[in-house]
Each structure stands twice: as structure tokens, then as C-alpha cells.
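Encoded as C-alpha cells, the structure appears first; notes follow it.
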Amino acid sequence: MENPEAPTKFRVDLLLETLLGMVRERSLQGVFESCRAYFHQRPHAAALGIWLLEDDEQILSLKWSEFRTDSAPQTWDSGEDSYARVSVSDPLIGAAAKELQVVMCYGPKWNRPDWAEQEGIQSSLAFPMQFKGELVGVLGIFFYPAFDEGFNESARWLGILADYLAAAIANAQAYETIDLQTKRLEQENTYLREEVRRKALYDKIIGKSEVLLRILDQIEVAAPTDANILITGESGTGKELIARAIHDRSQRSNKSFVRVNCAAVPHGLFESEFFGHVRGAFTGAVKDRVGRFQVADSGTLMLDEVGEIPLELQGKLLRVLQEGEFERVGDVRTRKVSARIIAVTNRDLRQEADAGRFRQDLYYRLSVFPIRVPALRERREDIPLLARHFIKGAALRLGLPRPLVDEGVIKRLATLNWPGNIRELQNVMERAVISARGAELDFEMLQLGSFRKGSEEPPTSSIITEDEWKERQRINILNALELSNGKIQGDGSASELLGIKPNTLRSRMLALGITKPG
């Protein structure tokens, strides 16, 4: 039988050029692509494939392939005799991996799969790719004509290609691992800087009321466990501070505390934000991105405003909580993750679940240990302590002299309702420090406007006109914008203080003729 690849015709120079290009590559795709030109210079080669060994060492996955024709046959990577994922029991690719030696299949010895018959392929070679004694994968080459044992010389040179390919793949995988770890560290660093900035909002938990002491007891009980925590309460009550305290007292305290504001994530990017994506997964995905779950691996992931997660994504979140597995967008590889979940919301999630707006199974998975943070009006005895704490902190942070504070002013603060809770009290105290300029702080400097005292109740039997109702809305929105320094969305924003969505607030401002301050 004619030898289609006689040694005298073997292009050693082309092989050396391929090897030199291969070892310079730092990505798997670059390594694979370096084989393309070499493959097309071999006139009798019909197809080439590179399979890499999976973690279980029983399956080899096809990572790259090239065909002489314009496209691969339909059954190459689908159907019963697919070569997309090959078991080590396969007589060609699997045998090379299992026996760690070159496998030749041709003539009657080879029970050709359907796609090989369709392409007119008569023979094949499979080379185990080993690096430092470890199997990396298998290089498979398929030929149109059959060959006999006189093919050994060419097979020897192709074996050299397989050895270099194994080293290049191992190096590329190492580079990609380093690159992934670098990206993860960069993201962790970004999150840490953000958390340091956010942590300055509260130096520590302040207060000695009975309701607050009960919360501290719950923290001490829940923190050492890995149970999922659901923290509920009105906006501005310090839910994030409680979440951080749980992390700091947990066995994961030396790992990352990663916060994701679910209300701020665009609807179409939730999956990418949580699980990450690979390059090319969608328009704009120009590089791989590590998701929040992977960044929080071995640490704590805080899901702020968890009730804003779209219903269609909640099932995928539930799977991660149940099985500790996820896939990046556009990737088939399943990744393991161990992150403690602390969910935070100002909604009644049980009511949302009963109404069908939140999955009940996810609600029960998140609320293994629920903690309700009380509103400031429920812990009035803590208001004087908090007010003094915020005055001291604001003066220090702003570089201003600390004003003198009359005890009567502090006591009057405890009579107010504080609809914005602790965050509102902090903003008012900071404004007072600026207004006082080191002098004695009086009640007028607080610029509280028409705050209703806690002992008063709004009238319920009177009727107001439409114009009066609009004027009340206008004043209410203006007060919220003033307290939030004109911020419309996000933490401490006017929309959060009013308990409405940012777009709803913008629509009402437009209807009432209100322009954003500044």
C-alpha cells in the first residue's frame, strides 16, 4: 500500500516553524491556532483534533479541531459516535490516553465512525500528550488514504509535535490560571476599597437599647455557623452593618466580604454579575470576567436588596445555594463555590413569595436564620448616643471643630419619627456640624422642617383636594432630596427614603415640576 506521508516528503522546516510559534503563545486558543497552518500544509490530512483530559481523568473533551473541508461533518461533535467528549474506553483517542502510547487505526482494524466514512477518511493516528510525566490530552490526526507500518518515520515527527504541544498547553494553562487569579485579586482589591469607604459610614454598632442587645445576641449565635442569614428592616436601619458584624465574627472573617446591590444591576446582566462570563459570551464581553460568587469563594456574599433579583434568575441562584455549583455565561465548565450568603431586604419576602413575586423555595433557603433590624423609632433611647457619635465623627472627617451640644437638643431628637432611620440622623448631624462652625448647636441648625414628632399621628378623617395632595407630594419629595443631598438612586437616596423606585421618583418630579438640586 502506498505510503502517503513518506519520510522524504516530511517538511521538517515547517514543523520547526510551528513549534517555535507554539511555545511563544500564552493562551490555549493561541496554541491551538498555531497548528492551523501546519495542518493545511499536509496534503493528505483530513482532520486534526486536540482533546484535553477532564478533572475526573475518564473523559477527554475536544477543545479545538480543523478540517480540510470548509466545515466539520455534522456528526463530528454530535450524535452517538461524537468525538466532542471521548471516554478513555474509546479505541482511538481513549486508547492513546489510557495506554500512553501512539495508536494507529486503519483498514479492517478500524471500525470507522459514520462521520469518518462520510468524509472518506481511511486511517488515523492518536498521540498522547504528556508534560512532566502527566497526561495533558491527546492529539488526533485523520487521513484520507490508508497507510501501512512504513509510516513510522512520519509518526515519529508527529510525536515530537505532540510533545511540544503538551508543553505549550501546560504553559498556556498556567498563564491563564495566573491571569485569572490576577483578575480575581484586582476585583477583590476593588471590592475592598469600596468596603473600606462604606465602612466609614459606621465605626461600630452604637446603642444599648434592649432591642439592639437582642440583635447582638442573634449575631453571636448565628455568626459561627455557615447558615444563610436573611436580614430585614426599613431602609437606613443599619442592615449592612449587621451583615458585616456577622462576617467579622464568623470562621470566614479572614476571607472576602463581597457586597452586590441587586437593585443596581441591569436586568440583562444579573447572571454575568453573579456568575461571571467568558469572552465572546455576548456583545461587549471582550474578556473573561469573574463573577461575585467566585470572588466571594470561601468568604461571605451579601445580596443587598435581594428582592430585586428577577424571578427567572432565582432558580439559578437556588441551584448555587443547594449544590454549590455554577457556570459562567457562555461556558460549559461547572465550577464549585463555597460562599456564605447573607441576604438583605427592606421588603416582606414572605408576602412577596405568597404573591408569587419571589420563589418560596428560595425564600426558605435564604431565611434559615432571619434577623429583623428595628427602626430607629423602636430604639429611641439609642438616639442620643448615635447623635453624639455622628457629631464627633462628622467633625473629625470634615476637619471642623466639634460644636457644643445642649442636652435639651439631644433629648428633642428622640421625640422625632426619623423615617430615614439611622442614615437620616447621620445626615442631619453632619449638616448641623457644618452649620454650627464650632459654636453651640441649637435645634434650628438641624433644619428638620416639618418632621412629625413620634407621639403625633397623622390625621385620618380629613379630606384634601387634588392640588393639596400634589403640594404635599412636592414638599415630601423636596424634603427627601434635601436629606439625600440630591441623590436620586442608590444607598441613602431620595427614592430609598421615600420607598419608591428611582424611575417612579423621576416621573413624579417631572409631573410636579421639580428639578434635581445642583
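Scheme for the C-alpha cells: letters A, B, ... for chains in order shown; per-chain residue numbers from 1; ligand numbers from 1 in order shown.
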Nearby residues (only C-alpha atoms) at most 12 Å from A:Gly280, same-chain spacing under 4 positions excluded, as a compact mmCIF listing (two decimals) with N, CA and C atoms, in the first residue's frame:
```
# COMPACT_ATOMS: atom_id res chain seq x y z
N GLY A 284 -20.14 42.78 23.70
CA GLY A 284 -19.49 43.58 24.74
C GLY A 284 -18.64 42.77 25.70
N ALA A 285 -18.74 41.44 25.64
CA ALA A 285 -17.92 40.58 26.51
C ALA A 285 -16.56 40.37 25.85
N VAL A 286 -15.70 41.38 25.98
CA VAL A 286 -14.42 41.36 25.27
C VAL A 286 -13.34 40.58 26.02
N LYS A 287 -13.60 40.23 27.28
CA LYS A 287 -12.65 39.43 28.03
C LYS A 287 -13.39 38.66 29.12
N ASP A 288 -12.71 37.65 29.66
CA ASP A 288 -13.31 36.86 30.74
C ASP A 288 -13.55 37.76 31.96
N ARG A 289 -14.63 37.48 32.68
CA ARG A 289 -14.94 38.24 33.89
C ARG A 289 -15.31 37.29 35.02
N ARG A 328 -20.18 29.93 34.30
CA ARG A 328 -20.14 31.29 33.77
C ARG A 328 -21.00 31.37 32.50
N VAL A 329 -21.45 32.56 32.20
CA VAL A 329 -22.22 32.77 30.96
C VAL A 329 -21.31 32.47 29.77
N GLY A 330 -21.78 31.58 28.90
CA GLY A 330 -21.03 31.22 27.71
C GLY A 330 -20.01 30.12 27.93
N ASP A 331 -20.00 29.51 29.12
CA ASP A 331 -19.01 28.47 29.43
C ASP A 331 -19.73 27.19 29.80
```
Counting only C-alpha atoms, what is within 9 Å of stretch 376-386 of chain A, bar same-chain residues fewer than 3 positions away, as a list in words?
-> Ile206, Gly207, Lys208, Ser209, Glu210, Val211, Leu212, Gly236, Thr237, His389, Phe390, Ile391, Glu407, Ile410, Lys411, Leu413, Ala414, Thr415, Leu416, Asn417, Trp418, Pro419, Gly420, Asn421, Ile422, Leu425, Gln426 and Gly454 of chain A
Any idea what the distance is between atom CA of A:Ala227 and atom CA of A:Val368?
-> 6.4 Å
From the list A:Arg350, A:Val86, A:Phe275, A:Gly159, which residue is nearest A:Phe326 when using only C-alpha atoms?
->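 Among the listed residues, A:Phe275 lies closest to A:Phe326.
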Strand (DSSP E or B) residues, from DSSP on the backbone, in stretch 29-202 of chain A, as a ChimeraX atom specification = /A:45-53,59-67,85-87,103-106,123-131,134-143
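Using only C-alpha atoms, the protein and nucleic acid residues lying no more than 12 Å from A:Lys336, apart from those fewer than 3 places from it along its own chain, are Phe275, Phe293, Gln294, Ala296, Asp297, Ser298, Arg319, Val320, Leu321, Gln322, Glu323, Gly324, Glu325, Phe326, Glu327, Arg328, Arg333 and Ala339 of chain A.
Counting only C-alpha atoms and comparing A:Ala162, A:Leu135, A:Ala432, A:Met129, the residue that lies closest to A:Leu404 is A:Ala432.
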Considering only C-alpha atoms, return as a PyMOL selection string whatever protein or nucleic-acid residues lie within 10 Å of A:Phe32, sequence-local ones (same chain, fewer than 2 positions apart) excluded.
-> chain A and resi 22+25+27-30+34-36+49-50+63-66+165+168-169
